Each structure stands twice: as C-alpha cells, then as structure tokens.
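**Student:** Provided below: structure-v2.cif, containing mmCIF, C-alpha atoms.
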```cif
data_final
loop_
_atom_site.group_PDB
_atom_site.id
_atom_site.type_symbol
_atom_site.label_atom_id
_atom_site.label_comp_id
_atom_site.auth_asym_id
_atom_site.auth_seq_id
_atom_site.Cartn_x
_atom_site.Cartn_y
_atom_site.Cartn_z
ATOM 1 C CA MET P 261 21.928 9.036 -9.247
ATOM 2 C CA GLY P 262 18.902 7.691 -7.378
ATOM 3 C CA ALA P 263 17.001 8.849 -4.318
ATOM 4 C CA ARG P 264 19.147 6.574 -2.134
ATOM 5 C CA ASP P 265 22.313 8.338 -3.296
ATOM 6 C CA CYS P 266 21.051 11.781 -2.403
ATOM 7 C CA PRO P 267 19.034 12.212 0.829
ATOM 8 C CA ALA P 268 17.829 15.619 -0.400
ATOM 9 C CA LEU P 269 15.727 13.821 -3.023
ATOM 10 C CA LEU P 270 13.882 11.888 -0.318
ATOM 11 C CA LEU P 271 12.410 15.044 1.186
ATOM 12 C CA PRO P 272 10.141 15.912 -1.755
ATOM 13 C CA LEU P 273 9.108 12.279 -2.086
ATOM 14 C CA SER P 274 8.090 12.033 1.550
ATOM 15 C CA LEU P 275 6.447 15.461 1.785
ATOM 16 C CA PRO P 276 2.913 14.213 0.956
ATOM 17 C CA LEU P 277 3.228 11.455 3.544
ATOM 18 C CA LEU P 278 4.495 13.907 6.153
ATOM 19 C CA LEU P 279 1.643 16.275 5.332
ATOM 20 C CA LEU P 280 -0.812 13.411 5.644
ATOM 21 C CA LEU P 281 0.602 12.434 9.026
ATOM 22 C CA LEU P 282 0.505 15.997 10.343
ATOM 23 C CA LEU P 283 -3.035 16.555 9.114
ATOM 24 C CA THR P 284 -4.198 13.288 10.629
ATOM 25 C CA LEU P 285 -2.563 13.929 14.015
ATOM 26 C CA GLY P 286 -3.066 17.655 14.284
ATOM 27 C CA SER P 287 -6.634 18.284 13.250
ATOM 28 C CA PRO P 288 -9.608 17.179 15.328
ATOM 29 C CA ALA P 289 -11.883 18.402 12.516
ATOM 30 C CA LEU P 290 -10.858 15.490 10.311
ATOM 31 C CA GLY P 291 -13.251 13.071 11.919
ATOM 32 C CA SER P 292 -11.948 9.573 11.454
ATOM 33 C CA PRO P 293 -8.197 9.321 10.840
ATOM 34 C CA ALA P 294 -8.957 6.344 8.587
ATOM 35 C CA ARG P 295 -10.432 8.762 6.004
ATOM 36 C CA PRO P 296 -7.736 11.392 5.407
ATOM 37 C CA LEU P 297 -8.878 11.998 1.805
ATOM 38 C CA CYS P 298 -12.051 13.499 3.278
ATOM 39 C CA ASP P 299 -9.889 16.434 4.375
ATOM 40 C CA SER P 300 -9.735 18.499 1.184
ATOM 41 C CA ARG P 301 -6.244 19.762 2.068
ATOM 42 C CA VAL P 302 -4.791 16.281 1.557
ATOM 43 C CA LEU P 303 -6.108 15.868 -1.986
ATOM 44 C CA GLU P 304 -5.317 19.501 -2.823
ATOM 45 C CA ARG P 305 -1.657 18.859 -1.964
ATOM 46 C CA TYR P 306 -1.530 15.961 -4.428
ATOM 47 C CA ILE P 307 -3.287 18.082 -7.052
ATOM 48 C CA LEU P 308 -0.754 20.879 -6.524
ATOM 49 C CA GLU P 309 2.148 18.452 -6.987
ATOM 50 C CA ALA P 310 0.549 17.079 -10.166
ATOM 51 C CA LYS P 311 0.112 20.601 -11.518
ATOM 52 C CA GLU P 312 3.759 21.395 -10.678
ATOM 53 C CA ALA P 313 4.820 18.274 -12.601
ATOM 54 C CA GLU P 314 2.674 19.321 -15.548
ATOM 55 C CA ASN P 315 4.138 22.831 -15.522
ATOM 56 C CA GLY P 316 7.651 21.499 -14.932
ATOM 57 C CA THR P 317 7.685 19.601 -18.208
ATOM 58 C CA GLY P 318 7.404 22.826 -20.187
ATOM 59 C CA ASN P 319 6.610 22.654 -23.857
ATOM 60 C CA CYS P 320 5.262 19.277 -25.003
ATOM 61 C CA ALA P 321 7.449 19.392 -28.128
ATOM 62 C CA GLU P 322 10.728 19.715 -26.212
ATOM 63 C CA ASP P 323 11.949 17.059 -23.789
ATOM 64 C CA GLY P 324 10.384 13.804 -22.714
ATOM 65 C CA SER P 325 9.186 12.179 -25.944
ATOM 66 C CA PHE P 326 8.480 8.457 -25.729
ATOM 67 C CA SER P 327 9.564 5.842 -28.255
ATOM 68 C CA GLU P 328 6.052 4.348 -28.083
ATOM 69 C CA ASN P 329 2.569 5.517 -27.152
ATOM 70 C CA ILE P 330 1.350 4.962 -23.598
ATOM 71 C CA THR P 331 -2.289 4.213 -22.776
ATOM 72 C CA VAL P 332 -3.907 6.522 -20.216
ATOM 73 C CA PRO P 333 -7.436 6.926 -18.850
ATOM 74 C CA ASP P 334 -9.738 9.458 -20.461
ATOM 75 C CA THR P 335 -10.179 12.290 -17.967
ATOM 76 C CA LYS P 336 -13.263 13.891 -19.506
ATOM 77 C CA VAL P 337 -16.289 13.879 -17.240
ATOM 78 C CA ASN P 338 -19.876 13.998 -18.463
ATOM 79 C CA PHE P 339 -21.417 15.422 -15.300
ATOM 80 C CA TYR P 340 -24.924 14.291 -16.209
ATOM 81 C CA THR P 341 -23.747 10.688 -16.576
ATOM 82 C CA TRP P 342 -21.374 10.885 -13.591
ATOM 83 C CA ASN P 343 -24.098 12.145 -11.247
ATOM 84 C CA ARG P 344 -26.405 9.311 -12.321
ATOM 85 C CA MET P 345 -23.782 6.639 -11.632
ATOM 86 C CA GLU P 346 -23.852 4.560 -8.466
ATOM 87 C CA VAL P 347 -20.964 5.278 -6.095
ATOM 88 C CA SER P 348 -19.668 1.766 -6.784
ATOM 89 C CA GLN P 349 -19.529 2.549 -10.527
ATOM 90 C CA GLN P 350 -17.682 5.798 -9.815
ATOM 91 C CA ALA P 351 -15.294 3.890 -7.550
ATOM 92 C CA ALA P 352 -14.631 1.306 -10.253
ATOM 93 C CA GLU P 353 -13.892 3.995 -12.835
ATOM 94 C CA VAL P 354 -11.560 5.870 -10.486
ATOM 95 C CA TRP P 355 -9.852 2.687 -9.264
ATOM 96 C CA GLN P 356 -9.264 1.423 -12.828
ATOM 97 C CA GLY P 357 -8.146 4.870 -13.969
ATOM 98 C CA LEU P 358 -5.693 5.229 -11.105
ATOM 99 C CA ALA P 359 -4.254 1.775 -11.806
ATOM 100 C CA LEU P 360 -3.838 2.589 -15.503
ATOM 101 C CA LEU P 361 -2.297 5.967 -14.691
ATOM 102 C CA SER P 362 0.172 4.323 -12.302
ATOM 103 C CA GLU P 363 1.175 1.835 -15.009
ATOM 104 C CA ALA P 364 1.526 4.698 -17.512
ATOM 105 C CA ILE P 365 3.821 6.744 -15.246
ATOM 106 C CA LEU P 366 5.990 3.686 -14.533
ATOM 107 C CA ARG P 367 6.157 2.888 -18.260
ATOM 108 C CA GLY P 368 6.998 6.524 -19.025
ATOM 109 C CA GLN P 369 9.816 6.389 -16.483
ATOM 110 C CA ALA P 370 11.252 3.265 -18.121
ATOM 111 C CA LEU P 371 10.970 4.712 -21.636
ATOM 112 C CA LEU P 372 12.680 7.947 -20.598
ATOM 113 C CA ALA P 373 15.506 6.070 -18.900
ATOM 114 C CA ASN P 374 16.072 3.930 -21.996
ATOM 115 C CA SER P 375 15.811 6.667 -24.605
ATOM 116 C CA SER P 376 17.896 9.534 -23.291
ATOM 117 C CA GLU P 377 19.429 11.107 -20.259
ATOM 118 C CA PRO P 378 16.422 12.919 -18.754
ATOM 119 C CA SER P 379 17.103 15.953 -16.620
ATOM 120 C CA GLU P 380 17.150 15.627 -12.849
ATOM 121 C CA ALA P 381 14.048 17.821 -12.690
ATOM 122 C CA LEU P 382 12.085 15.468 -14.966
ATOM 123 C CA GLN P 383 13.279 12.445 -13.011
ATOM 124 C CA LEU P 384 12.206 14.091 -9.764
ATOM 125 C CA HIS P 385 8.725 14.880 -11.138
ATOM 126 C CA VAL P 386 8.318 11.277 -12.277
ATOM 127 C CA GLU P 387 9.504 9.871 -8.929
ATOM 128 C CA LYS P 388 7.178 12.206 -7.021
ATOM 129 C CA ALA P 389 4.257 11.178 -9.250
ATOM 130 C CA ILE P 390 4.968 7.489 -8.645
ATOM 131 C CA SER P 391 5.124 8.069 -4.895
ATOM 132 C CA ALA P 392 1.931 10.151 -4.939
ATOM 133 C CA LEU P 393 0.017 7.554 -6.955
ATOM 134 C CA ARG P 394 1.049 4.824 -4.513
ATOM 135 C CA SER P 395 -0.091 6.976 -1.600
ATOM 136 C CA LEU P 396 -3.369 7.838 -3.317
ATOM 137 C CA THR P 397 -4.013 4.157 -3.980
ATOM 138 C CA SER P 398 -3.568 3.450 -0.249
ATOM 139 C CA LEU P 399 -5.747 6.405 0.713
ATOM 140 C CA LEU P 400 -8.481 5.302 -1.684
ATOM 141 C CA ARG P 401 -8.290 1.796 -0.269
ATOM 142 C CA ALA P 402 -8.778 3.275 3.239
ATOM 143 C CA LEU P 403 -11.767 5.213 1.916
ATOM 144 C CA GLY P 404 -13.273 1.947 0.676
ATOM 145 C CA ALA P 405 -12.850 2.584 -3.054
ATOM 146 C CA GLN P 406 -11.380 -0.844 -3.803
ATOM 147 C CA LYS P 407 -14.247 -2.556 -1.980
ATOM 148 C CA GLU P 408 -16.802 -0.334 -3.746
ATOM 149 C CA ALA P 409 -15.124 -0.933 -7.095
ATOM 150 C CA THR P 410 -15.206 -4.694 -6.547
ATOM 151 C CA SER P 411 -18.863 -4.698 -5.508
ATOM 152 C CA GLY P 412 -19.735 -2.588 -8.554
ATOM 153 C CA ALA P 413 -17.518 -4.532 -10.954
ATOM 154 C CA ASP P 414 -20.465 -6.195 -12.705
ATOM 155 C CA MET P 415 -22.082 -2.823 -13.411
ATOM 156 C CA ALA P 416 -18.777 -1.219 -14.404
ATOM 157 C CA SER P 417 -17.904 -4.024 -16.808
ATOM 158 C CA ALA P 418 -20.868 -2.979 -18.940
ATOM 159 C CA THR P 419 -19.075 0.329 -19.531
ATOM 160 C CA PRO P 420 -15.362 -0.250 -20.143
ATOM 161 C CA LEU P 421 -12.882 2.398 -19.074
ATOM 162 C CA ARG P 422 -12.358 4.928 -21.866
ATOM 163 C CA THR P 423 -8.702 5.383 -22.776
ATOM 164 C CA PHE P 424 -6.410 7.013 -25.305
ATOM 165 C CA THR P 425 -2.660 7.266 -25.811
ATOM 166 C CA VAL P 426 0.009 9.899 -25.208
ATOM 167 C CA ASP P 427 3.473 10.179 -26.733
ATOM 168 C CA ASN P 428 5.381 12.392 -24.283
ATOM 169 C CA LEU P 429 5.831 13.229 -20.624
ATOM 170 C CA CYS P 430 4.132 16.615 -20.878
ATOM 171 C CA LYS P 431 0.869 15.044 -22.074
ATOM 172 C CA LEU P 432 1.170 12.259 -19.501
ATOM 173 C CA PHE P 433 1.497 14.779 -16.654
ATOM 174 C CA ARG P 434 -1.442 16.758 -18.052
ATOM 175 C CA ILE P 435 -3.593 13.610 -17.858
ATOM 176 C CA TYR P 436 -2.287 12.914 -14.344
ATOM 177 C CA SER P 437 -3.206 16.421 -13.202
ATOM 178 C CA ASN P 438 -6.624 16.361 -14.905
ATOM 179 C CA PHE P 439 -7.469 12.948 -13.454
ATOM 180 C CA LEU P 440 -6.775 14.112 -9.899
ATOM 181 C CA ARG P 441 -8.647 17.390 -10.349
ATOM 182 C CA GLY P 442 -11.560 15.682 -12.101
ATOM 183 C CA LYS P 443 -12.706 12.134 -11.476
ATOM 184 C CA LEU P 444 -10.693 11.515 -8.312
ATOM 185 C CA LYS P 445 -11.869 14.728 -6.660
ATOM 186 C CA LEU P 446 -15.491 14.097 -7.679
ATOM 187 C CA TYR P 447 -15.411 10.549 -6.360
ATOM 188 C CA THR P 448 -13.773 11.404 -3.021
ATOM 189 C CA GLY P 449 -16.281 14.208 -2.471
ATOM 190 C CA GLU P 450 -19.178 11.806 -3.050
ATOM 191 C CA ALA P 451 -17.623 8.980 -1.019
ATOM 192 C CA CYS P 452 -16.914 11.315 1.911
ATOM 193 C CA ARG P 453 -20.432 12.754 1.868
ATOM 194 C CA GLY P 454 -21.827 9.208 1.763
ATOM 195 C CA GLY P 455 -19.697 8.165 4.728
ATOM 196 C CA ASP P 456 -20.904 11.143 6.786
ATOM 197 C CA ARG P 457 -24.561 10.189 6.416
#
```
I need this file expressed as structure tokens, please.

**Tutor:**
Amino acid sequence: MGARDCPALLLPLSLPLLLLLLLTLGSPALGSPARPLCDSRVLERYILEAKEAENGTGNCAEDGSFSENITVPDTKVNFYTWNRMEVSQQAAEVWQGLALLSEAILRGQALLANSSEPSEALQLHVEKAISALRSLTSLLRALGAQKEATSGADMASATPLRTFTVDNLCKLFRIYSNFLRGKLKLYTGEACRGGDR
C-alpha cells in the first residue's frame, strides 16, 4: 500500500512543506522568503522528524537489517577544523553528505522492500525521510549551498568526504539525525550569518 492508496499517509509527508509555507507567509521576522532555512524553526522541524525516525526504529538488532552495507557520510565534526574551513568548503561537505545520505536512504528503502515485509511504521519513516531530504536539498539550493559547493569544489577535492557503512535502518536513521543536528545545522548557521552581513 503506497501513499497514493491512502491519503492519510500524504499528510505526514507534506507536513514539513506546509510548515515551511506557513512560516514563510506568516512571519515578517524571516527576512527574505528565499532563505527559509535561516529561520531556525524550519530546520528544527526536520531535526525533530529525523529524531522521531531514529527513535521509531527501536533496537538496532531487531527489524530493518540490510542484506548489504550502505555507505553514509561521517557525521563527526572537528570544531577546530570546521571553524577554519571556508564557507564554500563547508558547503561542499554538507552538499556531498546530503547527496550521499539521500542515496543511502533510497538504497535502504529498496533493500527493505526486497528483503522482508517492513512494518507500515518503518515504511512511513523512510518515506518521510526521503521527502525531507528532497526538501532540504531544495532549501539548501535556495540558500546558495550548491553554488558555494561548486565554487569551493577545488578546495574540497583536496579533502574527500569521510564515509563509513551501516548495516541496518536504525543506524542509518541515527546518521541521518546526527547529520542534520551537526554539519547541516552548523553550515546553515554560518551561511545565514554570512548572508546577513
């Protein structure tokens, strides 16, 4: 049963977009509507959903094991190194990490569908994560992250994106949550401060 078969499943998938629309239209404090990620409430909503997905998978040993390992971005942040990076380098790391995370969630969805009959709750968390990552990619593009990442690509290529692998949905959602709370939040804070100057 997909989201098209049950309209009630569309509501949770569209909630972040509805929230984004309401925040953009209803708050004069946002500044430019082209930079909704600069309103901390928008990113916090995505972080909350990621944390709910992480908590919703329960024990990592139970449900959601993959038949193969999936590559994900390393979410650890060395603050000394991060603060010394150019914004374009930060953008490249976040942009590459978000792309890899999106691929990982899509691959995880395919592996779960092929290996077993995942619960509706797990399917819903995966679908919400896919929707959120697509929205975040668009929001980052509006913030200029793709342009920054491209302009800093030569510098970023000197330091390849650090990765590792996960073998179940619980670990994948933990990485998803940590990435949003860590590198993505740090980058958007810096990019928004830079845009206000």

**Student:** Distance atom CA of P:Trp355-atom CA of P:Asp427, one decimal place?

**Tutor:** 23.2 Å

**Student:** Each residue of stretch 295-397 of chain P with at least one atom at most 10 Å from stretch 440-453 of chain P should appear once, together with its nearest atom pair and the corresponding distance in Å (one decimal); atoms considered: only C-alpha atoms; ordering: chain, then increasing residue number; output as CSV.

**Tutor:**
```
residue,atom,partner,partner_atom,distance
P:Arg295,CA,P:Cys452,CA,8.1
P:Pro296,CA,P:Cys452,CA,9.8
P:Leu297,CA,P:Thr448,CA,6.9
P:Cys298,CA,P:Cys452,CA,5.5
P:Asp299,CA,P:Cys452,CA,9.0
P:Ser300,CA,P:Gly449,CA,8.6
P:Leu303,CA,P:Lys445,CA,7.5
P:Glu304,CA,P:Arg441,CA,8.5
P:Tyr306,CA,P:Leu440,CA,7.8
P:Ile307,CA,P:Leu440,CA,6.0
P:Leu308,CA,P:Arg441,CA,9.4
P:Ala310,CA,P:Leu440,CA,7.9
P:Lys311,CA,P:Arg441,CA,9.4
P:Asp334,CA,P:Lys443,CA,9.8
P:Thr335,CA,P:Gly442,CA,6.9
P:Lys336,CA,P:Gly442,CA,7.8
P:Val337,CA,P:Lys443,CA,7.0
P:Phe339,CA,P:Leu446,CA,9.7
P:Trp342,CA,P:Leu446,CA,8.9
P:Asn343,CA,P:Leu446,CA,9.5
P:Val347,CA,P:Ala451,CA,7.1
P:Ser348,CA,P:Ala451,CA,9.5
P:Gln349,CA,P:Tyr447,CA,9.9
P:Gln350,CA,P:Tyr447,CA,6.3
P:Ala351,CA,P:Tyr447,CA,6.8
P:Glu353,CA,P:Lys443,CA,8.3
P:Val354,CA,P:Leu444,CA,6.1
P:Trp355,CA,P:Leu444,CA,8.9
P:Gly357,CA,P:Lys443,CA,8.9
P:Leu358,CA,P:Leu444,CA,8.5
P:Leu393,CA,P:Leu440,CA,9.9
P:Leu396,CA,P:Leu444,CA,9.6
```

**Student:** Around all listed atoms of stretch 361-373 of chain P, padded 8 Å per side, what centre and edge lengths does the axis-aligned box have in Å to one decimal, as AutoDock Vina command-line options?

**Tutor:**
```
--center_x 6.6 --center_y 4.9 --center_z -17.0 --size_x 33.8 --size_y 22.1 --size_z 25.3
```

**Student:** Applying 9 Å and all atoms listed in the file, which residues near P:Gln383 remain after dropping the ones on its own chain fewer than 4 positions away? List them as an MDAnalysis selection string.

**Tutor:** chainID P and resid 369 372:373 378:379 387:388

**Student:** Hey, can you check how far atom CA of P:Leu432 sits from atom CA of P:Ala405?

**Tutor:**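 Taking atom CA of P:Leu432 as the start and atom CA of P:Ala405 as the end point, the length is 23.7 Å.
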
**Student:** If I take atom CA of P:Thr423 and atom CA of P:Gly404, how far is one from the other in Å, to one decimal?

**Tutor:**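 Pair atom CA of P:Thr423 / atom CA of P:Gly404 returns 24.1 Å.
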
**Student:** From the options P:Ser325, P:Leu360, P:Ala392, P:Ser398, which residue's atoms come nearest to P:Asn374, counting all atoms listed in the file?

**Tutor:**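 Looking only at the distances to P:Asn374, the closest residue turns out to be P:Ser325.
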
**Student:** As a check of understanding, name the residues that the PyMOL selection byres ((chain P and resi 315) around 12) selects in the supplied structure, as an mmCIF file with C-alpha atoms, in the frame of the given file.

**Tutor:**
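Wrote it out as expr-v9.cif, contents follow:
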```
data_model
loop_
_atom_site.group_PDB
_atom_site.id
_atom_site.type_symbol
_atom_site.label_atom_id
_atom_site.label_comp_id
_atom_site.auth_asym_id
_atom_site.auth_seq_id
_atom_site.Cartn_x
_atom_site.Cartn_y
_atom_site.Cartn_z
ATOM 1 C CA LEU P 308 -0.754 20.879 -6.524
ATOM 2 C CA GLU P 309 2.148 18.452 -6.987
ATOM 3 C CA ALA P 310 0.549 17.079 -10.166
ATOM 4 C CA LYS P 311 0.112 20.601 -11.518
ATOM 5 C CA GLU P 312 3.759 21.395 -10.678
ATOM 6 C CA ALA P 313 4.820 18.274 -12.601
ATOM 7 C CA GLU P 314 2.674 19.321 -15.548
ATOM 8 C CA GLY P 316 7.651 21.499 -14.932
ATOM 9 C CA THR P 317 7.685 19.601 -18.208
ATOM 10 C CA GLY P 318 7.404 22.826 -20.187
ATOM 11 C CA ASN P 319 6.610 22.654 -23.857
ATOM 12 C CA CYS P 320 5.262 19.277 -25.003
ATOM 13 C CA ALA P 381 14.048 17.821 -12.690
ATOM 14 C CA LEU P 382 12.085 15.468 -14.966
ATOM 15 C CA HIS P 385 8.725 14.880 -11.138
ATOM 16 C CA LEU P 429 5.831 13.229 -20.624
ATOM 17 C CA CYS P 430 4.132 16.615 -20.878
ATOM 18 C CA LYS P 431 0.869 15.044 -22.074
ATOM 19 C CA LEU P 432 1.170 12.259 -19.501
ATOM 20 C CA PHE P 433 1.497 14.779 -16.654
ATOM 21 C CA ARG P 434 -1.442 16.758 -18.052
ATOM 22 C CA TYR P 436 -2.287 12.914 -14.344
ATOM 23 C CA SER P 437 -3.206 16.421 -13.202
#
```

**Student:** Could stretch 416-438 of chain P be completed with N, CA and C atoms and written as a compact mmCIF listing (two decimals), in the coordinates of the input, please?

**Tutor:**
```
# COMPACT_ATOMS: atom_id res chain seq x y z
N ALA P 416 -19.82 -1.97 -13.72
CA ALA P 416 -18.78 -1.22 -14.40
C ALA P 416 -18.30 -1.94 -15.65
N SER P 417 -18.38 -3.29 -15.64
CA SER P 417 -17.90 -4.02 -16.81
C SER P 417 -18.77 -3.75 -18.03
N ALA P 418 -20.00 -3.32 -17.81
CA ALA P 418 -20.87 -2.98 -18.94
C ALA P 418 -20.34 -1.74 -19.67
N THR P 419 -19.65 -0.87 -18.94
CA THR P 419 -19.08 0.33 -19.53
C THR P 419 -17.57 0.28 -19.32
N PRO P 420 -16.81 -0.17 -20.32
CA PRO P 420 -15.36 -0.25 -20.14
C PRO P 420 -14.74 1.13 -19.98
N LEU P 421 -13.61 1.16 -19.30
CA LEU P 421 -12.88 2.40 -19.07
C LEU P 421 -12.45 2.99 -20.41
N ARG P 422 -12.78 4.25 -20.63
CA ARG P 422 -12.36 4.93 -21.87
C ARG P 422 -10.89 5.31 -21.73
N THR P 423 -10.14 5.09 -22.79
CA THR P 423 -8.70 5.38 -22.78
C THR P 423 -8.28 6.04 -24.08
N PHE P 424 -7.09 6.56 -24.09
CA PHE P 424 -6.41 7.01 -25.30
C PHE P 424 -4.92 6.96 -25.04
N THR P 425 -4.10 7.39 -25.99
CA THR P 425 -2.66 7.27 -25.81
C THR P 425 -1.99 8.64 -25.84
N VAL P 426 -0.83 8.69 -25.20
CA VAL P 426 0.01 9.90 -25.21
C VAL P 426 1.40 9.50 -25.67
N ASP P 427 2.15 10.49 -26.19
CA ASP P 427 3.47 10.18 -26.73
C ASP P 427 4.61 10.95 -26.07
N ASN P 428 4.30 11.71 -24.99
CA ASN P 428 5.38 12.39 -24.28
C ASN P 428 5.00 12.66 -22.83
N LEU P 429 6.00 13.02 -22.06
CA LEU P 429 5.83 13.23 -20.62
C LEU P 429 4.91 14.41 -20.30
N CYS P 430 4.99 15.45 -21.10
CA CYS P 430 4.13 16.61 -20.88
C CYS P 430 2.65 16.22 -20.92
N LYS P 431 2.27 15.48 -21.94
CA LYS P 431 0.87 15.04 -22.07
C LYS P 431 0.49 14.08 -20.95
N LEU P 432 1.43 13.21 -20.58
CA LEU P 432 1.17 12.26 -19.50
C LEU P 432 0.90 13.00 -18.19
N PHE P 433 1.72 14.01 -17.88
CA PHE P 433 1.50 14.78 -16.65
C PHE P 433 0.21 15.60 -16.72
N ARG P 434 -0.17 16.03 -17.90
CA ARG P 434 -1.44 16.76 -18.05
C ARG P 434 -2.61 15.83 -17.70
N ILE P 435 -2.55 14.60 -18.18
CA ILE P 435 -3.59 13.61 -17.86
C ILE P 435 -3.60 13.32 -16.36
N TYR P 436 -2.43 13.16 -15.78
CA TYR P 436 -2.29 12.91 -14.34
C TYR P 436 -2.96 14.04 -13.55
N SER P 437 -2.64 15.27 -13.89
CA SER P 437 -3.21 16.42 -13.20
C SER P 437 -4.73 16.48 -13.39
N ASN P 438 -5.18 16.30 -14.61
CA ASN P 438 -6.62 16.36 -14.90
C ASN P 438 -7.39 15.25 -14.20
```
